[in-house]
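Peer 1: Have a look at this one before I ask anything.
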There are 2 protein chains.
Amino acid sequence: MEMIQQMGERAREAASALALAGAEEKNGALAAIAAALGQNTGEILAANRADLDAARADGMAPAMLDRLALDEKRVQSIAAGVEEIIALPDPVGRTDAGWTRPNGLSITRVRVPLGVVGIIYEARPNVTADAAALCLKSGNACILRGGKEAVKTNIAMAGVMRQALEKAGLPADAVQLVEDTSRETSRQMMGANGLIDVLIPRGGAGLIRAVVENATVPVIQTGVGNCHVYVDSPCDLEMAVNIIQNAKCSRPSVCNAAETLLVHREMADRFLPMAKAALDRYQVQLRGCPITREILGDTVVPATGEDYATEYNDYILAVRVVGSLEEAVAHIRRYSTGHSEAIVTSDYQHSQQFTRQVDAAAVYVNASTRFTDGGQFGLGAEIGISTQKLHARGPMGLEALTTTKYIVLGSGQVR
Amino acid sequence: MEMIQQMGERAREAASALALAGAEEKNGALAAIAAALGQNTGEILAANRADLDAARADGMAPAMLDRLALDEKRVQSIAAGVEEIIALPDPVGRTDAGWTRPNGLSITRVRVPLGVVGIIYEARPNVTADAAALCLKSGNACILRGGKEAVKTNIAMAGVMRQALEKAGLPADAVQLVEDTSRETSRQMMGANGLIDVLIPRGGAGLIRAVVENATVPVIQTGVGNCHVYVDSPCDLEMAVNIIQNAKCSRPSVCNAAETLLVHREMADRFLPMAKAALDRYQVQLRGCPITREILGDTVVPATGEDYATEYNDYILAVRVVGSLEEAVAHIRRYSTGHSEAIVTSDYQHSQQFTRQVDAAAVYVNASTRFTDGGQFGLGAEIGISTQKLHARGPMGLEALTTTKYIVLGSGQVR
C-alpha cells in the first residue's frame with residue numbers, strides 16, 4: 001500500500017486546492033498544459049520511440065503498435081484536445097436545485113468535484129493527457145496508471161503537464177502518474193478507500209472485469225458494448241442497410257459498433273441480401289441463424305449462442321431472424337451489455353415499445369449506434385462511456401466527474 | 001449462488017414488468033399493501049412475538065428488543081408510511097434534459113428504474129415495508145435480507161405485501177425476502193452481478209464496512225456519521241448552545257447526531273461552561289482536549305485521537321478547542337465521515353469559507369446537523385443517507401433509486 005498511499009495523500013492535498021480553484025485558474029492551467037505539450041513534442045516523441053522499440057522487440061502486433069505510436073501531428077491533436085476543454089462550461093459550483101423549508105432553512109444542492117479520480121488504462125498514451133485535462137477542469141486530482149507499453153511516453157507527458165501546472169500556480173500533484181506498472185500498483189489503487197474517490201478503468205473487457213471484481217473503491221464501469229441493430233417490419237430498407245453498414249463498419253474496434261443484426265422474419269428475404277451486399281464491401285464475416293443461412297446460403301457461418309454474446313470489435317457480425325418485436329427485445333435483454341441498442345422501423349407504436357422496453361444507456365430509433373459518444377452527443381468531451389446504472393450512464397462528460405453537496409443555511413434552527 | 005440466482009432471475013422478470021407500470025398502477029399497489037398490513041396486523045404481531053421470545057431467550061439487550069418490537073400502533077405507523085409514498089411524485093419517465101443535435105438527432109435523457117435493488121439490513125422490521133414501498137414506487141424490484149432476529153416478522157410482512165401486489169395486478173416477485181439469514185445469502189447477494197443492480201446496506205458500521213469490502217455489485221454506502229459542530233468566533237453563544245444540545249441530545253443513536261464539538265479559543269472560556277450546563281441535563285459525558293479540561297475541570301475525561309474518530313451514537317461528546325477556523329476545518333477534514341458538518345458563526349466570510357472548504361454530504365451554517373434526513377429536507381421519504389460521492393450524496397429519496405437512459409430519435413442518421 002505504501003506507494004499508492006503516498007500518492008493518494010498528495011492527491012488529496014492537491015484536490016483540496018483544486019476544489020477551490022475557479023474556472024479561470026483551471027482554464028489557465030489547461031492552456032499552459034496545451035502549450036507545454038506543443039513545446040515539448042521532441043521530448044515526448046523521443047520517449048515514444050523508446051516505447052515503440054521495446055514493443056517491437058517484444059513482438060507487439062501492428063494494430064497495437066499503431067495505437068501506441070505518436071508523431072508530431074498526434075501530439076498536436078492531443079494538445080488541441082486539451083485546449084478544447086477550456087471552452088467547456090465548468091460544472092463546479094453550479095446549483096442544481098434549491099428550496100426553502102417551512103422552518104426557514106435554505107437548502108441548495110451544489111456541484112463539487114469528486115476529489116481524487118484514479119484511471120487505470122492500457123496502451124493509448126493520449127488517455128494520459130485527455131483524462132488529466134478532464135479531471136483538472138472538473139476540479140479533481142487524478143492518479144493515472146497506464147500500461148507498461150507506453151510507460152516512457154506517459155512519464156514524459158505527465159512530467160510536461162506537472163511543470164505546466166506549477167507554472168500556472170496549481171499543485172503539480174493534481175496530476176500524478178504511477179510509473180511502476182506492475183500488478184501490485186493496480187491492486188493498491190483498487191483498495192485505496194479513503195484516498196481515491198472513484199476508479200475508472202479504460203481498456204479491454206478483461207481489464208474492466210478485473211477492476212470491477214477486485215476493487216473496493218467505487219468503480220465506474222465503461223465501454224463494453226455488445227450492441228444490436230433490429231430491423232423491424234415495416235421499415236425503410238435502404239435506411240436499414242445504411243444504418244447496419246455504418247454501425248458495423250465505420251469503426252469496428254469501438255464499443256458503440258454493432259455486433260448483432262436482428263431482422264424481422266417479414267423483412268428477411270428482401271433485406272438480408274441487400275445487407276450482405278453492403279457488408280461484403282467491407283468483407284464482414286456473417287455468422288447467422290438457420291433462417292439467415294437458408295436465405296443467404298452456406299457462406300454464412302452458423303451462429304452459436306456464444307456468437308450472440310460476443311463483442312467482436314472486428315469485421316464480424318452475428319445475424320438472427322426473429323418472429324416479432326417481442327422476440328427481438330427478448331434477445332436484446334438476454335445478450336445486451338446495456339450500451340447502445342437500435343431499432344429501424346416505420347411503425348410509431350413499435351418505436352415507443354422498443355425505447356420503453358429496452359434497458360440500455362442509449363436506445364436509438366432510426367439511427368446508428370455509433371452516435372453514443374460524448375462529442376456526438378454534444379457533451380464536448382468524454383472520460384468514457386458508462387455501461388453501469390449508478391452515478392452516470394452513457395457518455396460521461398465533465399458533470400460525471402462531479403458530485404453534489406447540500407449547503408444548508410439557517411438562523412439557529414434545531415429539530 | 002443457486003438461491004440468490006433464482007431469486008435474482010425472478011426479480012429481473014418482475015422488474016421488467018414494473019418498469020413499464022405507470023404511477024397509477026404502482027400507487028394502487030401501495031394502497032393495497034398499506035391496507036393489507038392493517039388487515040393482517042394480528043398475523044404480523046404473532047410472528048413478532050415469536051421473534052421477541054427467541055431474542056429474549058438469546059439475551060438480547062433491552063434497547064435492541066425495543067427496536068425489534070412491534071405493536072398495533074407501530075404496524076399502523078408502518079402502513080401509514082407506505083401510504084405517504086403514494087403522494088410522492090413518481091420520478092420514472094421524467095425527462096431530465098433534452099436537445100437536438102445539428103444533424104437532427106433528438107436526444108432526451110429520461111429517468112428509468114435501476115432494476116433490482118438489494119437491501120441488507122439488521123433488526124428493525126419496519127425497513128421491510130419502507131424499503132419495499134420505496135422500491136415499488138420507483139419501479140424497482142427488491143430483494144430484502146433482514147437480520148435473523150426479525151426473520152419471522154419479516155416473513156409475515158413480506159407475505160402480506162406479496163399477496164397485496166398480486167391482487168393489485170403486479171408481480172409478487174417485485175418484493176422478495178431472503179428467508180435464509182445465514183452469511184452465505186449475504187455473500188451471494190454481494191456477488192450477484194448482472195442480477196442485482198445495486199446493494200444498499202442499512203445498519204451499523206460493521207455491516208456497512210463488510211458490504212463495501214466484499215461486494216462486487218455496486219454498493220451505496222449509507223449512514224456512518226461522525227458529525228461536528230464548530231462554534232466560531234464571533235457567534236451567538238445561545239444559538240450555539242441550542243444547536244449543540246439539539247445535535248447531540250435530541251436522538252444520540254442516529255447518524256446525523258453530533259459526535260465532536262469544536263470551539264474557537266476566543267469563545268471557549270464563555271461558551272464551554274454554558275454548553276456543559278446544557279449537556280449536563282442529559283448527562284452527556286464530555287471527553288475534552290487539555291484546554292477544555294483547564295476550563296471545565298477534571299470531570300471532563302481526557303480525549304484521545306480515537307475519541308475524535310469515534311461515532312459514539314450515545315450521550316458522549318468529544319470536545320476540542322481550536323485556534324482558528326482553519327484548524328477547525330483541518331480537524332474536520334481529518335476525522336469527518338462526510339455526513340453532516342455545522343458551523344455556528346456570525347461572520348459572513350467564515351460562513352462562506354466553511355461551506356466551501358468542508359467536504360460533506362450536508363454542510364450547515366447556524367443549524368443543527370439533525371436536519372440531514374429525507375423528511376426534513378422535504379424529499380418525502382428516504383431509503384438511506386448516502387455518505388459516498390457516487391450516484392447519490394446525502395438523503396436518498398425516490399430519485400436516488402432511479403437511473404437515466406438516453407433515447408435518441410433519428411431519421412436515418414449515420415456517422
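Ligands are numbered from 1 in the order shown, chains are lettered A, B, ... in the order of the C-alpha cells, and residues start at 1 in each chain.
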I need the residues of segment 145-376 of chain A that end up classed as strand (DSSP E) by DSSP on the backbone, written out as a PyMOL selection string.
Peer 2: chain A and resi 145+175-177+198-202+227-231+258-264+285-288+301-302+316-322+340-344+362-367
Peer 1: Could you write out, as a VMD selection string, all the residues of segment 208-242 of chain A that DSSP marks as alpha helix (DSSP H)?
Peer 2: chain A and resid 208 to 214 237 to 242
Peer 1: To one decimal in Å, tell me the separation between atom CA of Thr369 of chain A and atom CA of Gly410 of chain B.
Peer 2: 11.0 Å
Peer 1: Interatomic distance between atom CA of Gly98 of chain A and atom CA of Glu326 of chain B?
Peer 2: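 Atom CA of Glu326 of chain B lies 27.6 Å from atom CA of Gly98 of chain A.
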Peer 1: Using only C-alpha atoms, determine which residues lie at most 8 Å from Ile244 of chain B, disregarding the query and same-chain residues fewer than 3 positions distant; provide the list as a PyMOL selection string.
Peer 2: chain B and resi 229+240-241+247-248+258+261+275+368
Peer 1: Those same residues, written as an mmCIF file, in the first residue's frame with C-alpha atoms?
Peer 2:
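Listing of again.cif after writing:
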```cif
data_model
loop_
_atom_site.group_PDB
_atom_site.id
_atom_site.type_symbol
_atom_site.label_atom_id
_atom_site.label_comp_id
_atom_site.auth_asym_id
_atom_site.auth_seq_id
_atom_site.Cartn_x
_atom_site.Cartn_y
_atom_site.Cartn_z
ATOM 1 C CA VAL B 229 -20.387 21.277 15.300
ATOM 2 C CA ALA B 240 -24.559 27.718 19.682
ATOM 3 C CA VAL B 241 -25.686 26.115 22.952
ATOM 4 C CA ALA B 247 -27.354 17.954 17.644
ATOM 5 C CA LYS B 248 -26.062 15.766 20.493
ATOM 6 C CA ALA B 258 -23.053 15.375 16.573
ATOM 7 C CA LEU B 261 -17.758 19.870 19.413
ATOM 8 C CA ALA B 275 -22.567 24.226 26.876
ATOM 9 C CA SER B 368 -28.362 21.541 13.771
#
```
Peer 1: Just how far from atom CA of Ala318 of chain B is atom CA of Leu286 of chain B, in Å to one decimal?
Peer 2: 5.9 Å
Peer 1: Between A:Leu20, A:Cys135, A:Ile143, A:Ala158, which has the minimum distance to Ile119 of chain A (counting only C-alpha atoms)?
Peer 2: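 Closest residue, counting only C-alpha atoms: A:Ile143.
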Peer 1: With only C-alpha atoms as the basis for distance, which of A:Met396, A:Ala11, A:Ile86, A:Met64 is at the shortest distance from Glu24 of chain A?
Peer 2: A:Ile86
Peer 1: Just want the 10 Å neighbourhood of Leu65 of chain B, counted on only C-alpha atoms, with same-chain residues fewer than 3 positions away dropped. Output as a PyMOL selection string.
Peer 2: chain B and resi 51-53+55-56+59-62+68-70+123-124+149
Peer 1: Excluding Ala97 of chain B and any residue of its chain fewer than 3 positions from it, enumerate the residues within 8 Å of it, using only C-alpha atoms, and give them as a PyMOL selection string.
Peer 2: chain B and resi 108-110
Peer 1: Write out as a tab-separated table a residue-level contact list of chain A versus chain B with cut-off 7 Å: for each qualifying residue the closest pair of atoms and the distance in Å to one decimal, counting only C-alpha atoms, rows sorted by chain and residue number upward.
Peer 2:
```
residue	atom	partner	partner_atom	distance
A:Leu114	CA	B:Lys389	CA	6.5
A:Val212	CA	B:Thr216	CA	6.4
A:Glu213	CA	B:Thr216	CA	5.4
A:Thr216	CA	B:Glu213	CA	5.4
A:Met239	CA	B:Gly412	CA	5.6
A:Ile243	CA	B:Val414	CA	6.1
A:Asn246	CA	B:Val414	CA	6.1
A:Thr355	CA	B:Ile407	CA	6.7
A:Ala360	CA	B:Lys405	CA	6.5
A:Ala361	CA	B:Lys405	CA	4.9
A:Ala362	CA	B:Tyr406	CA	4.5
A:Val363	CA	B:Ile407	CA	5.0
A:Tyr364	CA	B:Val408	CA	4.7
A:Val365	CA	B:Leu409	CA	4.9
A:Asn366	CA	B:Gly412	CA	4.9
A:Ala367	CA	B:Gln413	CA	4.8
A:Ser368	CA	B:Val414	CA	5.2
A:Arg370	CA	B:Arg415	CA	6.6
A:Phe371	CA	B:Arg415	CA	6.8
A:Lys389	CA	B:Thr403	CA	5.8
A:Leu390	CA	B:His391	CA	5.4
A:His391	CA	B:His391	CA	3.5
A:Arg393	CA	B:Thr404	CA	6.7
A:Thr403	CA	B:Lys389	CA	5.9
A:Thr404	CA	B:Arg393	CA	6.7
A:Lys405	CA	B:Ala361	CA	4.9
A:Tyr406	CA	B:Ala362	CA	4.5
A:Ile407	CA	B:Val363	CA	5.0
A:Val408	CA	B:Tyr364	CA	4.7
A:Leu409	CA	B:Val365	CA	4.9
A:Gly410	CA	B:Asn366	CA	5.0
A:Ser411	CA	B:Asn366	CA	5.3
A:Gly412	CA	B:Asn366	CA	4.9
A:Gln413	CA	B:Ala367	CA	4.8
A:Val414	CA	B:Ser368	CA	5.2
A:Arg415	CA	B:Arg370	CA	6.5
```
